[in-house]
Structures are given as structure tokens and as C-alpha cells.
file my_file.pdb (PDB, N, CA and C atoms)
ATOM      1  N   ALA L 268      34.589  13.433   8.386
ATOM      2  CA  ALA L 268      34.997  14.388   9.396
ATOM      3  C   ALA L 268      35.802  13.688  10.485
ATOM      4  N   ARG L 269      35.380  12.473  10.865
ATOM      5  CA  ARG L 269      36.122  11.734  11.893
ATOM      6  C   ARG L 269      37.539  11.414  11.440
ATOM      7  N   VAL L 270      37.667  10.992  10.186
ATOM      8  CA  VAL L 270      38.998  10.661   9.665
ATOM      9  C   VAL L 270      39.879  11.896   9.696
ATOM     10  N   ALA L 271      39.356  13.038   9.289
ATOM     11  CA  ALA L 271      40.133  14.277   9.295
ATOM     12  C   ALA L 271      40.563  14.651  10.702
ATOM     13  N   LEU L 272      39.728  14.391  11.679
ATOM     14  CA  LEU L 272      40.075  14.708  13.062
ATOM     15  C   LEU L 272      41.101  13.741  13.638
ATOM     16  N   LEU L 273      40.987  12.469  13.287
ATOM     17  CA  LEU L 273      41.824  11.447  13.910
ATOM     18  C   LEU L 273      43.104  11.136  13.143
ATOM     19  N   ASP L 274      43.137  11.376  11.847
ATOM     20  CA  ASP L 274      44.295  11.005  11.036
ATOM     21  C   ASP L 274      44.773  12.221  10.251
ATOM     22  N   GLN L 275      45.788  12.890  10.779
ATOM     23  CA  GLN L 275      46.281  14.111  10.145
ATOM     24  C   GLN L 275      46.842  13.853   8.748
ATOM     25  N   GLU L 276      47.358  12.662   8.489
ATOM     26  CA  GLU L 276      47.923  12.352   7.175
ATOM     27  C   GLU L 276      46.829  12.264   6.100
ATOM     28  N   SER L 277      45.604  12.021   6.506
ATOM     29  CA  SER L 277      44.490  11.931   5.549
ATOM     30  C   SER L 277      43.941  13.297   5.164
ATOM     31  N   ARG L 278      44.267  14.306   5.910
ATOM     32  CA  ARG L 278      43.689  15.631   5.666
ATOM     33  C   ARG L 278      43.959  16.179   4.268
ATOM     34  N   PRO L 279      45.195  16.087   3.728
ATOM     35  CA  PRO L 279      45.399  16.599   2.359
ATOM     36  C   PRO L 279      44.544  15.871   1.315
ATOM     37  N   VAL L 280      44.367  14.568   1.477
ATOM     38  CA  VAL L 280      43.534  13.803   0.547
ATOM     39  C   VAL L 280      42.090  14.281   0.645
ATOM     40  N   ILE L 281      41.605  14.448   1.858
ATOM     41  CA  ILE L 281      40.229  14.905   2.075
ATOM     42  C   ILE L 281      40.038  16.308   1.500
ATOM     43  N   GLU L 282      41.014  17.187   1.713
ATOM     44  CA  GLU L 282      40.915  18.551   1.183
ATOM     45  C   GLU L 282      40.848  18.546  -0.343
ATOM     46  N   THR L 283      41.612  17.665  -0.975
ATOM     47  CA  THR L 283      41.586  17.556  -2.435
ATOM     48  C   THR L 283      40.210  17.111  -2.918
ATOM     49  N   VAL L 284      39.655  16.118  -2.264
ATOM     50  CA  VAL L 284      38.332  15.615  -2.645
ATOM     51  C   VAL L 284      37.271  16.698  -2.446
ATOM     52  N   VAL L 285      37.348  17.406  -1.341
ATOM     53  CA  VAL L 285      36.365  18.453  -1.045
ATOM     54  C   VAL L 285      36.406  19.548  -2.107
ATOM     55  N   ARG L 286      37.589  19.879  -2.593
ATOM     56  CA  ARG L 286      37.699  20.916  -3.632
ATOM     57  C   ARG L 286      37.083  20.466  -4.952
ATOM     58  N   GLN L 287      36.963  19.164  -5.160
ATOM     59  CA  GLN L 287      36.401  18.635  -6.403
ATOM     60  C   GLN L 287      34.874  18.543  -6.367
ATOM     61  N   ILE L 288      34.286  18.755  -5.218
ATOM     62  CA  ILE L 288      32.831  18.662  -5.091
ATOM     63  C   ILE L 288      32.179  19.798  -5.864
ATOM     64  N   GLU L 289      31.196  19.446  -6.665
ATOM     65  CA  GLU L 289      30.449  20.442  -7.428
ATOM     66  C   GLU L 289      29.023  20.495  -6.891
ATOM     67  N   LYS L 290      28.612  21.662  -6.472
ATOM     68  CA  LYS L 290      27.261  21.834  -5.951
ATOM     69  C   LYS L 290      26.293  21.973  -7.119
ATOM     70  N   VAL L 291      25.222  21.216  -7.069
ATOM     71  CA  VAL L 291      24.176  21.300  -8.083
ATOM     72  C   VAL L 291      22.928  21.835  -7.395
ATOM     73  N   GLU L 292      22.475  22.988  -7.827
ATOM     74  CA  GLU L 292      21.290  23.599  -7.224
ATOM     75  C   GLU L 292      20.048  22.953  -7.818
ATOM     76  N   THR L 293      19.291  22.276  -6.984
ATOM     77  CA  THR L 293      18.109  21.564  -7.471
ATOM     78  C   THR L 293      16.838  22.399  -7.384
ATOM     79  N   ALA L 294      16.845  23.429  -6.592
ATOM     80  CA  ALA L 294      15.607  24.166  -6.337
ATOM     81  C   ALA L 294      15.474  25.436  -7.178
ATOM     82  N   VAL L 295      16.121  25.493  -8.336
ATOM     83  CA  VAL L 295      15.983  26.693  -9.165
ATOM     84  C   VAL L 295      14.652  26.722  -9.909
ATOM     85  N   GLU L 296      14.040  25.574 -10.080
ATOM     86  CA  GLU L 296      12.721  25.487 -10.711
ATOM     87  C   GLU L 296      11.685  26.027  -9.727
ATOM     88  N   PRO L 297      10.871  27.010 -10.126
ATOM     89  CA  PRO L 297       9.892  27.585  -9.196
ATOM     90  C   PRO L 297       8.952  26.546  -8.563
ATOM     91  N   ALA L 298       8.613  25.502  -9.304
ATOM     92  CA  ALA L 298       7.678  24.494  -8.784
ATOM     93  C   ALA L 298       8.406  23.288  -8.197
ATOM     94  N   PHE L 299       9.679  23.448  -7.866
ATOM     95  CA  PHE L 299      10.466  22.320  -7.363
ATOM     96  C   PHE L 299       9.811  21.654  -6.156
ATOM     97  N   GLN L 300       9.332  22.446  -5.214
ATOM     98  CA  GLN L 300       8.730  21.882  -4.002
ATOM     99  C   GLN L 300       7.541  20.991  -4.349
ATOM    100  N   ASP L 301       6.722  21.416  -5.294
ATOM    101  CA  ASP L 301       5.572  20.602  -5.711
ATOM    102  C   ASP L 301       6.033  19.299  -6.352
ATOM    103  N   TYR L 302       7.030  19.384  -7.245
ATOM    104  CA  TYR L 302       7.560  18.171  -7.883
ATOM    105  C   TYR L 302       8.106  17.211  -6.833
ATOM    106  N   PHE L 303       8.843  17.766  -5.882
ATOM    107  CA  PHE L 303       9.479  16.945  -4.851
ATOM    108  C   PHE L 303       8.434  16.237  -3.990
ATOM    109  N   VAL L 304       7.444  16.970  -3.531
ATOM    110  CA  VAL L 304       6.400  16.386  -2.678
ATOM    111  C   VAL L 304       5.627  15.316  -3.443
ATOM    112  N   ASN L 305       5.299  15.579  -4.696
ATOM    113  CA  ASN L 305       4.576  14.590  -5.498
ATOM    114  C   ASN L 305       5.407  13.339  -5.725
ATOM    115  N   ALA L 306       6.708  13.502  -5.869
ATOM    116  CA  ALA L 306       7.583  12.352  -6.104
ATOM    117  C   ALA L 306       7.796  11.519  -4.845
ATOM    118  N   MET L 307       7.469  12.045  -3.686
ATOM    119  CA  MET L 307       7.627  11.289  -2.440
ATOM    120  C   MET L 307       6.622  10.139  -2.361
ATOM    121  N   ALA L 308       5.516  10.269  -3.051
ATOM    122  CA  ALA L 308       4.503   9.208  -3.067
ATOM    123  C   ALA L 308       4.939   8.127  -4.049
ATOM    124  N   PHE L 309       4.506   6.914  -3.806
ATOM    125  CA  PHE L 309       4.796   5.829  -4.744
ATOM    126  C   PHE L 309       3.500   5.167  -5.129
ATOM    127  N   PRO L 310       3.058   5.216  -6.361
ATOM    128  CA  PRO L 310       3.714   5.956  -7.439
ATOM    129  C   PRO L 310       3.510   7.452  -7.275
ATOM    130  N   ASN L 311       4.174   8.214  -8.101
ATOM    131  CA  ASN L 311       4.109   9.666  -8.052
ATOM    132  C   ASN L 311       2.651  10.124  -8.009
ATOM    133  N   LYS L 312       2.358  11.126  -7.176
ATOM    134  CA  LYS L 312       0.971  11.594  -7.011
ATOM    135  C   LYS L 312       0.399  12.215  -8.274
ATOM    136  N   GLN L 313       1.235  12.755  -9.153
ATOM    137  CA  GLN L 313       0.742  13.464 -10.330
ATOM    138  C   GLN L 313       0.998  12.711 -11.630
ATOM    139  N   ASP L 314       2.189  12.166 -11.792
ATOM    140  CA  ASP L 314       2.544  11.513 -13.052
ATOM    141  C   ASP L 314       1.819  10.182 -13.186
ATOM    142  N   PRO L 315       1.197   9.927 -14.338
ATOM    143  CA  PRO L 315       0.371   8.726 -14.488
ATOM    144  C   PRO L 315       1.150   7.430 -14.720
ATOM    145  N   PHE L 316       2.408   7.492 -15.173
ATOM    146  CA  PHE L 316       3.225   6.308 -15.449
ATOM    147  C   PHE L 316       2.471   5.277 -16.284
ATOM    148  N   PRO L 317       2.121   5.609 -17.521
ATOM    149  CA  PRO L 317       1.339   4.679 -18.340
ATOM    150  C   PRO L 317       2.058   3.357 -18.610
ATOM    151  N   GLU L 318       3.365   3.376 -18.753
ATOM    152  CA  GLU L 318       4.096   2.127 -19.014
ATOM    153  C   GLU L 318       4.063   1.211 -17.793
ATOM    154  N   LEU L 319       4.202   1.790 -16.604
ATOM    155  CA  LEU L 319       4.118   0.995 -15.378
ATOM    156  C   LEU L 319       2.710   0.435 -15.211
ATOM    157  N   ALA L 320       1.711   1.229 -15.560
ATOM    158  CA  ALA L 320       0.318   0.790 -15.437
ATOM    159  C   ALA L 320       0.019  -0.399 -16.349
ATOM    160  N   LYS L 321       0.779  -0.555 -17.427
ATOM    161  CA  LYS L 321       0.605  -1.719 -18.302
ATOM    162  C   LYS L 321       1.078  -3.004 -17.628
ATOM    163  N   GLU L 322       2.003  -2.873 -16.694
ATOM    164  CA  GLU L 322       2.604  -4.036 -16.037
ATOM    165  C   GLU L 322       1.940  -4.393 -14.709
ATOM    166  N   VAL L 323       1.540  -3.383 -13.958
ATOM    167  CA  VAL L 323       0.950  -3.621 -12.637
ATOM    168  C   VAL L 323      -0.276  -2.734 -12.462
ATOM    169  N   ALA L 324      -1.142  -3.139 -11.562
ATOM    170  CA  ALA L 324      -2.318  -2.322 -11.244
ATOM    171  C   ALA L 324      -1.892  -1.214 -10.288
ATOM    172  N   LEU L 325      -2.060   0.012 -10.716
ATOM    173  CA  LEU L 325      -1.687   1.144  -9.878
ATOM    174  C   LEU L 325      -2.872   1.585  -9.035
ATOM    175  N   PRO L 326      -2.622   2.014  -7.796
ATOM    176  CA  PRO L 326      -3.727   2.529  -6.985
ATOM    177  C   PRO L 326      -4.213   3.859  -7.547
ATOM    178  N   LYS L 327      -5.456   4.172  -7.272
ATOM    179  CA  LYS L 327      -5.985   5.458  -7.716
ATOM    180  C   LYS L 327      -5.282   6.562  -6.937
ATOM    181  N   PRO L 328      -4.995   7.696  -7.591
ATOM    182  CA  PRO L 328      -4.326   8.791  -6.881
ATOM    183  C   PRO L 328      -5.216   9.348  -5.778
ATOM    184  N   LYS L 329      -4.592   9.694  -4.671
ATOM    185  CA  LYS L 329      -5.328  10.292  -3.556
ATOM    186  C   LYS L 329      -5.408  11.794  -3.753
ATOM    187  N   GLU L 330      -6.410  12.383  -3.152
ATOM    188  CA  GLU L 330      -6.564  13.833  -3.191
ATOM    189  C   GLU L 330      -5.439  14.446  -2.375
ATOM    190  N   ILE L 331      -4.771  15.440  -2.947
ATOM    191  CA  ILE L 331      -3.662  16.097  -2.265
ATOM    192  C   ILE L 331      -4.211  17.252  -1.440
ATOM    193  N   ALA L 332      -3.914  17.237  -0.143
ATOM    194  CA  ALA L 332      -4.348  18.332   0.729
ATOM    195  C   ALA L 332      -3.509  19.564   0.430
ATOM    196  N   SER L 333      -4.112  20.712   0.512
ATOM    197  CA  SER L 333      -3.362  21.943   0.275
ATOM    198  C   SER L 333      -2.448  22.218   1.461
ATOM    199  N   ALA L 334      -1.448  23.042   1.234
ATOM    200  CA  ALA L 334      -0.512  23.394   2.300
ATOM    201  C   ALA L 334      -1.245  24.086   3.444
ATOM    202  N   ALA L 335      -2.238  24.903   3.122
ATOM    203  CA  ALA L 335      -3.002  25.596   4.164
ATOM    204  C   ALA L 335      -3.749  24.589   5.032
ATOM    205  N   ASP L 336      -4.336  23.556   4.412
ATOM    206  CA  ASP L 336      -5.035  22.529   5.183
ATOM    207  C   ASP L 336      -4.076  21.811   6.118
ATOM    208  N   SER L 337      -2.883  21.501   5.635
ATOM    209  CA  SER L 337      -1.893  20.805   6.451
ATOM    210  C   SER L 337      -1.485  21.645   7.645
ATOM    211  N   ARG L 338      -1.289  22.947   7.417
ATOM    212  CA  ARG L 338      -0.906  23.823   8.527
ATOM    213  C   ARG L 338      -2.012  23.867   9.572
ATOM    214  N   ASP L 339      -3.266  23.952   9.129
ATOM    215  CA  ASP L 339      -4.389  23.991  10.062
ATOM    216  C   ASP L 339      -4.437  22.723  10.901
ATOM    217  N   LEU L 340      -4.222  21.566  10.284
ATOM    218  CA  LEU L 340      -4.241  20.306  11.026
ATOM    219  C   LEU L 340      -3.127  20.262  12.057
ATOM    220  N   ARG L 341      -1.939  20.724  11.678
ATOM    221  CA  ARG L 341      -0.818  20.719  12.619
ATOM    222  C   ARG L 341      -1.114  21.629  13.798
ATOM    223  N   ARG L 342      -1.700  22.785  13.529
ATOM    224  CA  ARG L 342      -2.015  23.708  14.617
ATOM    225  C   ARG L 342      -3.023  23.082  15.575
ATOM    226  N   ARG L 343      -4.037  22.439  15.026
ATOM    227  CA  ARG L 343      -5.047  21.813  15.879
ATOM    228  C   ARG L 343      -4.430  20.715  16.736
ATOM    229  N   ARG L 344      -3.551  19.930  16.158
ATOM    230  CA  ARG L 344      -2.936  18.837  16.914
ATOM    231  C   ARG L 344      -2.074  19.360  18.048
ATOM    232  N   ARG L 345      -1.368  20.450  17.808
ATOM    233  CA  ARG L 345      -0.489  20.995  18.843
ATOM    234  C   ARG L 345      -1.279  21.539  20.030
ATOM    235  N   LYS L 346      -2.461  22.092  19.769
ATOM    236  CA  LYS L 346      -3.247  22.702  20.837
ATOM    237  C   LYS L 346      -3.868  21.671  21.766
ATOM    238  N   ARG L 347      -4.009  20.451  21.303
ATOM    239  CA  ARG L 347      -4.681  19.431  22.119
ATOM    240  C   ARG L 347      -3.858  18.993  23.280
TER
END

call {"tool": "encode", "arguments": {"input": "my_file.pdb", "output": "C-alpha cells"}}
result
Amino acid sequence: ARVALLDQESRPVIETVVRQIEKVETAVEPAFQDYFVNAMAFPNKQDPFPELAKEVALPKPKEIASAADSRDLRRRRRKR
């Protein structure tokens, strides 16, 4: 964006590149949010990764708090 603002000669190149961008919708899977949140943990909170477990000792998976529990905790913290 800075280049487009500061260098008018670069604008046609930038416009060409922008037209080539293809949007990929990642959230079409109904359970996408669950997959995404589980993948944020290392290792993944749900997937067992048996091949990785052969190489290194993996920690035991932690209990996943429900979304309702998380909301309740946030509300309590805000009120304090």
C-alpha cells in the first residue's frame, strides 16, 4: 500500500498482481473452527501423531475447556 501511495509508476504493476490473487475460502468446513483451535496447540490437541510419538515423547493431551466455560471465565475476569 505504501509503494502504491508513494510511487505512481508502480501502481499498474501492483494492480496486475492484485488481479491475480485468488481467494481460498478456508472456513467452508462446518467444523473448521474446532480444527483450527486444536491445531493451535503443539502438538495438535486431538490428532495423536503416531509417527512423531515414535521419535519424541509427546506430552499427554490436556482437557479442552468448552466454549461456554471460556466465556464464563472471561466474564468473571472482567467483573473483578

call {"tool": "atom_distance", "arguments": {"input": "my_file.pdb", "atom1": "CA of Pro326 in chain L", "atom2": "CA of Gln300 in chain L"}}
result
23.2 Å

call {"tool": "resolve_selection", "arguments": {"input": "my_file.pdb", "expression": "the PyMOL selection byres (((chain L and resi 315 and name CA) around 12) and name CA)", "output": "mmCIF file with N, CA and C atoms, in the frame of the given file"}}
result
data_model
loop_
_atom_site.group_PDB
_atom_site.id
_atom_site.type_symbol
_atom_site.label_atom_id
_atom_site.label_comp_id
_atom_site.auth_asym_id
_atom_site.auth_seq_id
_atom_site.Cartn_x
_atom_site.Cartn_y
_atom_site.Cartn_z
ATOM 1 N N ASN L 305 5.299 15.579 -4.696
ATOM 2 C CA ASN L 305 4.576 14.590 -5.498
ATOM 3 C C ASN L 305 5.407 13.339 -5.725
ATOM 4 N N ALA L 306 6.708 13.502 -5.869
ATOM 5 C CA ALA L 306 7.583 12.352 -6.104
ATOM 6 C C ALA L 306 7.796 11.519 -4.845
ATOM 7 N N PHE L 309 4.506 6.914 -3.806
ATOM 8 C CA PHE L 309 4.796 5.829 -4.744
ATOM 9 C C PHE L 309 3.500 5.167 -5.129
ATOM 10 N N PRO L 310 3.058 5.216 -6.361
ATOM 11 C CA PRO L 310 3.714 5.956 -7.439
ATOM 12 C C PRO L 310 3.510 7.452 -7.275
ATOM 13 N N ASN L 311 4.174 8.214 -8.101
ATOM 14 C CA ASN L 311 4.109 9.666 -8.052
ATOM 15 C C ASN L 311 2.651 10.124 -8.009
ATOM 16 N N LYS L 312 2.358 11.126 -7.176
ATOM 17 C CA LYS L 312 0.971 11.594 -7.011
ATOM 18 C C LYS L 312 0.399 12.215 -8.274
ATOM 19 N N GLN L 313 1.235 12.755 -9.153
ATOM 20 C CA GLN L 313 0.742 13.464 -10.330
ATOM 21 C C GLN L 313 0.998 12.711 -11.630
ATOM 22 N N ASP L 314 2.189 12.166 -11.792
ATOM 23 C CA ASP L 314 2.544 11.513 -13.052
ATOM 24 C C ASP L 314 1.819 10.182 -13.186
ATOM 25 N N PHE L 316 2.408 7.492 -15.173
ATOM 26 C CA PHE L 316 3.225 6.308 -15.449
ATOM 27 C C PHE L 316 2.471 5.277 -16.284
ATOM 28 N N PRO L 317 2.121 5.609 -17.521
ATOM 29 C CA PRO L 317 1.339 4.679 -18.340
ATOM 30 C C PRO L 317 2.058 3.357 -18.610
ATOM 31 N N GLU L 318 3.365 3.376 -18.753
ATOM 32 C CA GLU L 318 4.096 2.127 -19.014
ATOM 33 C C GLU L 318 4.063 1.211 -17.793
ATOM 34 N N LEU L 319 4.202 1.790 -16.604
ATOM 35 C CA LEU L 319 4.118 0.995 -15.378
ATOM 36 C C LEU L 319 2.710 0.435 -15.211
ATOM 37 N N ALA L 320 1.711 1.229 -15.560
ATOM 38 C CA ALA L 320 0.318 0.790 -15.437
ATOM 39 C C ALA L 320 0.019 -0.399 -16.349
ATOM 40 N N LYS L 321 0.779 -0.555 -17.427
ATOM 41 C CA LYS L 321 0.605 -1.719 -18.302
ATOM 42 C C LYS L 321 1.078 -3.004 -17.628
ATOM 43 N N ALA L 324 -1.142 -3.139 -11.562
ATOM 44 C CA ALA L 324 -2.318 -2.322 -11.244
ATOM 45 C C ALA L 324 -1.892 -1.214 -10.288
ATOM 46 N N LEU L 325 -2.060 0.012 -10.716
ATOM 47 C CA LEU L 325 -1.687 1.144 -9.878
ATOM 48 C C LEU L 325 -2.872 1.585 -9.035
ATOM 49 N N PRO L 326 -2.622 2.014 -7.796
ATOM 50 C CA PRO L 326 -3.727 2.529 -6.985
ATOM 51 C C PRO L 326 -4.213 3.859 -7.547
ATOM 52 N N LYS L 327 -5.456 4.172 -7.272
ATOM 53 C CA LYS L 327 -5.985 5.458 -7.716
ATOM 54 C C LYS L 327 -5.282 6.562 -6.937
ATOM 55 N N PRO L 328 -4.995 7.696 -7.591
ATOM 56 C CA PRO L 328 -4.326 8.791 -6.881
ATOM 57 C C PRO L 328 -5.216 9.348 -5.778
#

call {"tool": "atom_distance", "arguments": {"input": "my_file.pdb", "atom1": "CA of Val270 in chain L", "atom2": "atom C of Val284 in chain L"}}
result
13.6 Å

call {"tool": "atom_distance", "arguments": {"input": "my_file.pdb", "atom1": "atom N of Leu273 in chain L", "atom2": "CA of Val291 in chain L"}}
result
28.6 Å

call {"tool": "closest_residue", "arguments": {"input": "my_file.pdb", "among": "L:Ala268, L:Val323, L:Ala298, L:Ala308", "to": "Glu282 in chain L", "atoms": "only C-alpha atoms"}}
result
L:Ala268

call {"tool": "axis_aligned_box", "arguments": {"input": "my_file.pdb", "around": "range 310-322 of chain L", "padding_each_side": "4 Å", "output": "AutoDock Vina command-line options"}}
result
--center_x 2.1 --center_y 4.5 --center_z -12.7 --size_x 12.2 --size_y 25.9 --size_z 20.7
